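Text of data.txt (compact mmCIF, C-alpha atoms) as supplied:
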```
# COMPACT_ATOMS: atom_id res chain seq x y z
CA MET A 1 50.20 -10.74 13.95
CA ALA A 2 52.93 -13.27 13.19
CA ALA A 3 56.53 -12.14 13.03
CA ALA A 4 58.13 -11.97 9.60
CA THR A 5 59.83 -15.15 8.54
CA ILE A 6 63.58 -14.66 8.42
CA ARG A 7 64.41 -18.19 7.24
CA PRO A 8 62.58 -21.10 5.70
CA TYR A 9 61.21 -23.71 8.06
CA ASP A 10 62.81 -27.14 8.18
CA VAL A 11 60.52 -30.17 8.15
CA LEU A 12 61.69 -33.76 8.53
CA LEU A 13 59.23 -36.16 6.93
CA VAL A 14 59.59 -39.75 8.13
CA GLU A 15 57.49 -41.66 5.59
CA ASP A 16 58.18 -44.83 3.61
CA ASP A 17 55.26 -44.55 1.18
CA ILE A 18 56.54 -42.67 -1.88
CA ALA A 19 53.07 -41.57 -3.02
CA ASP A 20 52.15 -40.18 0.42
CA ALA A 21 55.54 -38.45 0.66
CA MET A 22 54.94 -36.76 -2.70
CA LEU A 23 51.45 -35.63 -1.65
CA ILE A 24 52.83 -34.18 1.58
CA GLN A 25 55.65 -32.41 -0.27
CA ASP A 26 53.17 -30.92 -2.75
CA ALA A 27 50.81 -29.72 0.00
CA LEU A 28 53.70 -28.06 1.87
CA ALA A 29 55.06 -26.46 -1.30
CA GLU A 30 51.67 -24.80 -1.89
CA ARG A 31 52.01 -23.01 1.45
CA GLY A 32 55.39 -21.44 0.80
CA THR A 33 59.07 -22.02 1.41
CA ARG A 34 59.79 -25.13 3.39
CA ASN A 35 63.01 -27.10 3.56
CA LEU A 36 61.64 -30.61 3.49
CA ASN A 37 63.89 -33.59 4.04
CA GLN A 38 62.37 -37.04 3.70
CA VAL A 39 63.63 -40.34 5.09
CA SER A 40 61.94 -43.73 4.92
CA ASP A 41 62.25 -45.10 8.47
CA GLY A 42 63.15 -44.34 12.06
CA ILE A 43 66.79 -45.37 11.79
CA ALA A 44 67.37 -43.02 8.86
CA ALA A 45 65.52 -40.28 10.77
CA LEU A 46 67.74 -40.69 13.84
CA ASP A 47 70.83 -40.66 11.62
CA TYR A 48 69.57 -37.43 10.05
CA LEU A 49 68.80 -35.80 13.40
CA ARG A 50 72.14 -36.75 14.93
CA ASP A 51 74.22 -35.55 11.97
CA PRO A 52 75.70 -32.18 13.00
CA ASP A 53 75.77 -31.07 9.34
CA ASN A 54 71.96 -31.16 9.14
CA GLU A 55 69.71 -28.35 10.29
CA ARG A 56 67.55 -29.17 13.28
CA PRO A 57 63.99 -29.47 11.96
CA ASP A 58 61.25 -27.19 13.21
CA LEU A 59 58.79 -30.06 12.82
CA ILE A 60 58.86 -33.83 12.34
CA VAL A 61 55.95 -35.42 10.46
CA LEU A 62 55.98 -39.12 11.28
CA ASP A 63 54.28 -42.20 9.86
CA LEU A 64 53.86 -45.14 12.24
CA ASN A 65 54.12 -48.14 9.93
CA MET A 66 57.61 -48.35 8.42
CA PRO A 67 60.35 -50.96 8.04
CA ARG A 68 63.47 -51.30 10.23
CA MET A 69 62.44 -48.87 13.00
CA ASN A 70 58.75 -47.98 12.98
CA GLY A 71 57.26 -44.68 14.06
CA ARG A 72 56.35 -45.91 17.53
CA GLU A 73 59.95 -46.91 18.27
CA PHE A 74 61.32 -43.71 16.75
CA LEU A 75 58.97 -41.54 18.79
CA ALA A 76 60.00 -43.27 22.02
CA VAL A 77 63.70 -42.69 21.27
CA VAL A 78 63.29 -39.05 20.21
CA LYS A 79 61.20 -38.04 23.20
CA GLU A 80 63.72 -39.64 25.61
CA ASP A 81 66.65 -37.78 24.02
CA ALA A 82 67.29 -34.45 25.78
CA ASP A 83 68.69 -32.91 22.59
CA LEU A 84 65.72 -33.90 20.43
CA ARG A 85 62.63 -34.04 22.65
CA THR A 86 61.61 -30.42 22.11
CA ILE A 87 61.14 -30.88 18.35
CA PRO A 88 57.38 -31.11 17.73
CA VAL A 89 56.35 -34.47 16.29
CA VAL A 90 53.06 -34.89 14.46
CA VAL A 91 52.05 -38.46 13.75
CA LEU A 92 50.38 -38.63 10.32
CA THR A 93 49.31 -42.20 9.68
CA THR A 94 46.59 -44.42 8.27
CA SER A 95 45.92 -46.06 11.63
CA ALA A 96 43.01 -44.89 13.74
CA ALA A 97 43.47 -47.78 16.18
CA PRO A 98 42.94 -46.61 19.77
CA ASP A 99 46.13 -48.38 20.90
CA ASP A 100 48.17 -46.49 18.29
CA VAL A 101 46.66 -43.14 19.26
CA THR A 102 47.15 -43.77 22.99
CA GLY A 103 50.67 -45.12 22.45
CA ALA A 104 51.70 -42.08 20.41
CA TYR A 105 50.51 -39.67 23.08
CA HIS A 106 52.05 -41.85 25.79
CA HIS A 107 55.38 -41.29 24.02
CA HIS A 108 54.70 -37.53 23.91
CA ALA A 109 53.61 -37.02 20.30
CA ASN A 110 52.50 -33.43 19.90
CA ALA A 111 49.56 -34.40 17.70
CA TYR A 112 48.03 -37.43 16.01
CA VAL A 113 46.35 -37.09 12.62
CA THR A 114 44.78 -39.94 10.68
CA LYS A 115 45.50 -39.70 6.95
CA PRO A 116 42.25 -39.02 5.14
CA VAL A 117 41.53 -41.28 2.16
CA ASN A 118 40.15 -38.41 0.06
CA LEU A 119 42.95 -36.50 -1.74
CA GLU A 120 41.57 -33.02 -1.01
CA GLU A 121 41.08 -33.85 2.68
CA PHE A 122 44.59 -35.33 2.84
CA GLU A 123 46.12 -32.14 1.43
CA ALA A 124 43.98 -29.99 3.74
CA ALA A 125 45.15 -32.00 6.75
CA VAL A 126 48.80 -31.48 5.80
CA ARG A 127 48.25 -27.76 5.23
CA SER A 128 46.55 -27.52 8.63
CA ILE A 129 49.49 -29.20 10.38
CA ASP A 130 51.87 -26.85 8.57
CA ALA A 131 49.82 -23.76 9.36
CA PHE A 132 49.61 -24.53 13.05
CA TYR A 133 53.14 -25.70 13.82
CA LEU A 134 55.02 -23.47 11.44
CA ASP A 135 52.93 -20.29 11.31
CA ILE A 136 50.96 -20.08 14.56
CA ALA A 137 52.84 -21.96 17.31
CA VAL A 138 55.71 -20.07 18.92
CA LYS A 139 58.99 -21.90 18.64
CA PRO A 140 62.04 -21.56 20.89
CA PRO A 141 64.98 -19.70 19.31
CA ARG A 142 67.66 -21.77 17.65
CA ASP A 143 70.98 -22.14 19.41
```

Please re-express this file's structure in structure tokens.
Amino acid sequence: MAAATIRPYDVLLVEDDIADAMLIQDALAERGTRNLNQVSDGIAALDYLRDPDNERPDLIVLDLNMPRMNGREFLAVVKEDADLRTIPVVVLTTSAAPDDVTGAYHHHANAYVTKPVNLEEFEAAVRSIDAFYLDIAVKPPRD
């Protein structure tokens, strides 16, 4: 049996597509209290993560194809940073290209999920990610 939640979970969504971001926010809201912060590219995500006034997220949901710093570059930086590498990162993207999947895991993504085209399947995929990483997986205590 899962331990009682004593605080809401913090999710950092790194997604430049406004419609996809709204769908993800809606799917997470259906599952309960989540503090969701959304940024539109890897540079903004790194700025968010390195700002001491922001809570460290329990999960990062990352798109690959974004302007300025894409998801591939962001993932490489985060997983090389000793202060950030333990944050689980789930790649949620439209690409099913084998090179993208292999590259994400090479840079230590915790999971890779291709965005379903069907709305109901998309929402179910987001709820599944949320359920696993935020309800089932054991997380280290916060400092």

Pick from A:Arg85, A:Val14, A:Leu23, A:Val78, whichever lies nearest to Pro116 (chain A) using only C-alpha atoms: A:Leu23

With a distance cut-off of 12 Å and all atoms listed in the file, select the neighbouring residues of Ile18 (chain A), excluding the residue or stretch itself and same-chain residues fewer than 2 positions from it, and output the selection as a list in words.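 Close residues of Ile18 (chain A): Leu13, Val14, Glu15, Asp16, Asp20, Ala21, Met22, Leu23, Ile24, Gln25, Gln38, Val39, Ser40, Asp63 and Met66 of chain A.
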
Save out the residues we just selected, C-alpha atoms, as a compact mmCIF listing (two decimals), in the coordinates of the input.
```
# COMPACT_ATOMS: atom_id res chain seq x y z
CA LEU A 13 59.23 -36.16 6.93
CA VAL A 14 59.59 -39.75 8.13
CA GLU A 15 57.49 -41.66 5.59
CA ASP A 16 58.18 -44.83 3.61
CA ASP A 20 52.15 -40.18 0.42
CA ALA A 21 55.54 -38.45 0.66
CA MET A 22 54.94 -36.76 -2.70
CA LEU A 23 51.45 -35.63 -1.65
CA ILE A 24 52.83 -34.18 1.58
CA GLN A 25 55.65 -32.41 -0.27
CA GLN A 38 62.37 -37.04 3.70
CA VAL A 39 63.63 -40.34 5.09
CA SER A 40 61.94 -43.73 4.92
CA ASP A 63 54.28 -42.20 9.86
CA MET A 66 57.61 -48.35 8.42
```

Pick the closest to Val91 (chain A) from A:Phe74, A:Tyr105, A:Tyr48, A:Tyr112: which is it, counting all atoms listed in the file?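 Answer, going by the shortest atom-to-atom distance: A:Tyr112.
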
Between CA of Lys79 (chain A) and CA of Glu123 (chain A), what is the distance in Å, rounded to a tenth? 27.1 Å

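In this comparison, which uses all atoms listed in the file, the residue of A:Gly103, A:Leu92, A:Asn35, A:Asp51 approaching Phe122 (chain A) most closely is A:Leu92.
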
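CA of Leu59 (chain A) lies 7.2 Å from CA of Tyr133 (chain A).
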
For CA of Ala96 (chain A) and CA of Leu12 (chain A), determine how far apart the two atoms are, in Å to one decimal place.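 Interatomic distance here is 22.4 Å.
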
Spatial neighbours of Asp81 (chain A), max dist 12 Å, all atoms listed in the file, sep filter under 3 positions, as a ChimeraX atom specification: /A:46,49-50,74-78,84-87,107-108

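Minimum atom-to-atom distances from A:Asp17, A:Asp130, A:Glu120, A:Asp41 to Arg68 (chain A) were compared using only C-alpha atoms, and the lowest value belongs to A:Asp41.
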